[in-house]
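Below: the structure, in structure tokens.
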Amino acid sequence: MRSGAWKDGTDTAIPMLPASAQEIVSLALDPEVAVAPIVAIISRDPVLATRVIQLANSAFSASSKEIASINEAVVRLGTGLVRTVMTSTCLSALATDPQIYGRRGRDYIDHSVGTAYLAWLIAENAGEHPPEAFLYGLLHDVGKLLVIKLARQAERYGVVPPAEEDLVEVMGEQHAELGGYLLRQWGLPARLHDAVVFHHAPEQAVDRPQAAAVNYAANRLAHRYGFACLMDDFDPLTDPVFQKLRLDANAVARLDLQAPVLFELARKVRH
Ligand SMILES: [Fe+2]
Ligand SMILES: [Fe+2]
């Protein structure tokens, strides 16, 4: 893993991006998106269609009139929220193979979607584009999937599968960098790169330091709220990155209130 020798294999087992991902990602980043193309994509995907309609009929919408069509659901929820559900459902599909990811895959999805909503919320004040922040939040730990998958397939590479603690160590060391590798392999927009690669060290980002700072803050907050990860006693108010993003006591108090709703949303996307 550390040598990178696996990259030379003829069947480098990188996780496969779902077929519709390119289309959904470009739609998610399109500033002038209309309702019609969104409805068209959702209509082709029964899982996505069910989630969007359920969400439109859930606590997230104010009206009591039952919604049965995708078109109505998109209008009720708004294109912004619907696009977050589309990208998270689509990219969650990456980690759903129970043979490979098991319980880890489900936690990975909840943590990623929770982080994505946090990035979405803090982006605007930081001068970042919220739909783009949602995407890099969603992808911030994607490198972990590659580490898990390679470890699972260790025999194929003629090596002994790593012990749990070694796996965790390599994952910690390499996942951010490997996330950048996956983004390039998948041909996702280069402007998402820095936010993923430097989400633990935003000060090292060259092209997009502000995006990296937003992703760092979103991930730290996801840990503060225990979004499918260990809760820590991290204090955002003493962190220089939070100060740079002008996330003060009021802003953090607001996020503290919104966090449980976001986590519920993250879980709805998965189930
Ligand atoms: Fe991470
Ligand atoms: Fe994370």
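If you're wondering about the labels, chains in the structure tokens are A, B, ... by order shown, residues count from 1 in each chain, ligands from 1 in order shown.
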
Contact check, chain A to ligand 2, at most 8 Å, counting only C-alpha atoms and all ligand atoms, closest pairs as a tab-separated table:
residue	atom	partner	partner_atom_place_in_ligand_line	distance
A:His111	CA	ligand 2	1 (Fe)	6.7
A:Ser112	CA	ligand 2	1 (Fe)	6.8
A:Thr115	CA	ligand 2	1 (Fe)	7.2
A:His140	CA	ligand 2	1 (Fe)	6.5
A:Asp141	CA	ligand 2	1 (Fe)	5.4
A:Asn219	CA	ligand 2	1 (Fe)	5.1
A:Arg220	CA	ligand 2	1 (Fe)	7.7
A:Ala222	CA	ligand 2	1 (Fe)	7.4
A:His223	CA	ligand 2	1 (Fe)	7.7

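Taking only C-alpha atoms and all ligand atoms into account, ligand 1 has within 9 Å the residues A:His140, A:Asp141, A:Val142, A:Gly143, A:Lys144, A:Met171, A:Gly172, A:His175, A:Ala176, A:Val196, A:His199, A:His200, A:Tyr216, A:Asn219.
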
Those residues you just picked out, can you put them in a file as an mmCIF file, in the first residue's frame with C-alpha atoms?
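What follows is the written file part_20.cif:
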data_model
loop_
_atom_site.group_PDB
_atom_site.id
_atom_site.type_symbol
_atom_site.label_atom_id
_atom_site.label_comp_id
_atom_site.auth_asym_id
_atom_site.auth_seq_id
_atom_site.Cartn_x
_atom_site.Cartn_y
_atom_site.Cartn_z
ATOM 1 C CA HIS A 140 -13.493 14.090 1.616
ATOM 2 C CA ASP A 141 -12.777 10.575 2.938
ATOM 3 C CA VAL A 142 -13.309 8.653 -0.308
ATOM 4 C CA GLY A 143 -9.658 7.518 -0.213
ATOM 5 C CA LYS A 144 -10.604 5.300 2.746
ATOM 6 C CA MET A 171 -5.872 4.722 6.233
ATOM 7 C CA GLY A 172 -5.083 7.681 8.494
ATOM 8 C CA HIS A 175 -6.631 8.526 2.666
ATOM 9 C CA ALA A 176 -6.525 12.240 1.852
ATOM 10 C CA VAL A 196 -10.201 16.616 -0.596
ATOM 11 C CA HIS A 199 -8.961 18.374 4.378
ATOM 12 C CA HIS A 200 -6.677 17.556 7.327
ATOM 13 C CA TYR A 216 -11.463 20.784 7.256
ATOM 14 C CA ASN A 219 -15.024 17.308 9.018
#

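For Pro162 of chain A, the set of protein, DNA and RNA residues having any atom at most 9 Å away, when counting only C-alpha atoms and skipping those fewer than 4 positions along the same chain, is Ala151, Arg152, Ala154, Asp166 and Leu167 of chain A.
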
Could you save those same residues with C-alpha atoms as a compact mmCIF listing (two decimals), in the first residue's frame?
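Output file part_37.txt follows:
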# COMPACT_ATOMS: atom_id res chain seq x y z
CA ALA A 151 -6.85 -4.66 1.94
CA ARG A 152 -9.81 -6.92 1.17
CA ALA A 154 -4.68 -8.40 -0.50
CA ASP A 166 -2.22 -1.50 10.52
CA LEU A 167 -5.20 -0.87 8.27

Return as a ChimeraX atom specification the full set of residues in segment 131-205 of chain A whose backbone-based DSSP assignment is alpha helix (DSSP H).
/A:131-139,143-152,164-186,193-197

At a cut-off of 12 Å, can you tabulate as CSV every residue of segment 11-55 of chain A near segment 259-269 of chain A together with its closest atom pair and the distance in Å to one decimal, using only C-alpha atoms and ordering rows by chain then number?
residue,atom,partner,partner_atom,distance
A:Val47,CA,A:Val269,CA,9.9
A:Leu48,CA,A:Val269,CA,8.8
A:Ala49,CA,A:Val269,CA,11.4
A:Thr50,CA,A:Val269,CA,10.3
A:Arg51,CA,A:Val269,CA,6.8
A:Val52,CA,A:Val269,CA,8.9
A:Ile53,CA,A:Lys268,CA,11.6
A:Gln54,CA,A:Lys268,CA,8.9
A:Leu55,CA,A:Lys268,CA,7.9

Excluding Leu121 of chain A and its own-chain neighbours fewer than 2 positions away, which residues fall within 10 Å of it when counting only C-alpha atoms? Please give them as an NGL selection string.
:A and (115-119 or 123-126 or 130-131 or 133-134 or 214 or 218 or 255 or 258)

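Relative to atom CA of Ala19 of chain A, atom CA of Gly80 of chain A is found at 22.0 Å.
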
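Comparing the minimum interatomic distances between Pro46 of chain A and each of A:Leu230, A:Cys90, A:Ala28, A:Ala95, counting only C-alpha atoms, we find that A:Cys90 sits nearest.
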
If you count only C-alpha atoms, which residues fall within 9 Å of Val39 of chain A, apart from same-chain ones fewer than 3 positions away, as a list in words?
Val35, Ala36, Ile42, Ser43, Arg44, Ala49, Ile70, Asn71 and Val74 of chain A

Please, could you write that set of residues out with C-alpha atoms as a short mmCIF file (atom, residue, chain, number, x, y, z; two decimals), in the first residue's frame?
data_model
loop_
_atom_site.label_atom_id
_atom_site.label_comp_id
_atom_site.auth_asym_id
_atom_site.auth_seq_id
_atom_site.Cartn_x
_atom_site.Cartn_y
_atom_site.Cartn_z
CA VAL A 35 -36.30 21.53 -12.79
CA ALA A 36 -36.82 19.49 -15.98
CA ILE A 42 -34.51 11.09 -11.01
CA SER A 43 -37.19 9.37 -13.10
CA ARG A 44 -34.62 6.93 -14.49
CA ALA A 49 -37.10 8.62 -7.04
CA ILE A 70 -41.27 13.57 -8.85
CA ASN A 71 -41.98 16.91 -10.41
CA VAL A 74 -38.57 18.64 -6.73
#

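Straight-line separation from atom CA of Val252 of chain A to atom CA of Glu132 of chain A: 21.3 Å.
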
Please provide as a PyMOL selection string all residues within 12 Å of Asp207 of chain A, with the sequence filter that same-chain residues fewer than 5 positions apart are discarded (counting only C-alpha atoms).
chain A and resi 190-195+197-198+202+212-213

Output file for the residues above (C-alpha atoms, as an mmCIF file, in the first residue's frame):
data_model
loop_
_atom_site.group_PDB
_atom_site.id
_atom_site.type_symbol
_atom_site.label_atom_id
_atom_site.label_comp_id
_atom_site.auth_asym_id
_atom_site.auth_seq_id
_atom_site.Cartn_x
_atom_site.Cartn_y
_atom_site.Cartn_z
ATOM 1 C CA ALA A 190 -10.000 19.382 -10.795
ATOM 2 C CA ARG A 191 -11.347 22.185 -8.635
ATOM 3 C CA LEU A 192 -12.580 19.616 -6.095
ATOM 4 C CA HIS A 193 -9.056 18.251 -5.670
ATOM 5 C CA ASP A 194 -7.464 20.557 -3.069
ATOM 6 C CA ALA A 195 -10.442 20.423 -0.727
ATOM 7 C CA VAL A 197 -6.409 16.223 -0.497
ATOM 8 C CA PHE A 198 -5.890 18.885 2.188
ATOM 9 C CA PRO A 202 -5.758 23.158 4.819
ATOM 10 C CA ALA A 212 -9.708 23.092 1.967
ATOM 11 C CA ALA A 213 -10.477 25.168 5.074
#

Please identify all polymer residues within 10 Å of Pro18 of chain A, counting only C-alpha atoms, omitting same-chain residues fewer than 2 positions from it, and present them as a VMD selection string.
chain A and resid 15 to 16 20 to 22 90 to 94

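Remark: for Leu183 of chain A, the closest of the candidate residues A:Ala251, A:Ile38, A:Leu146, A:Val170 is A:Leu146 (distances computed over only C-alpha atoms).
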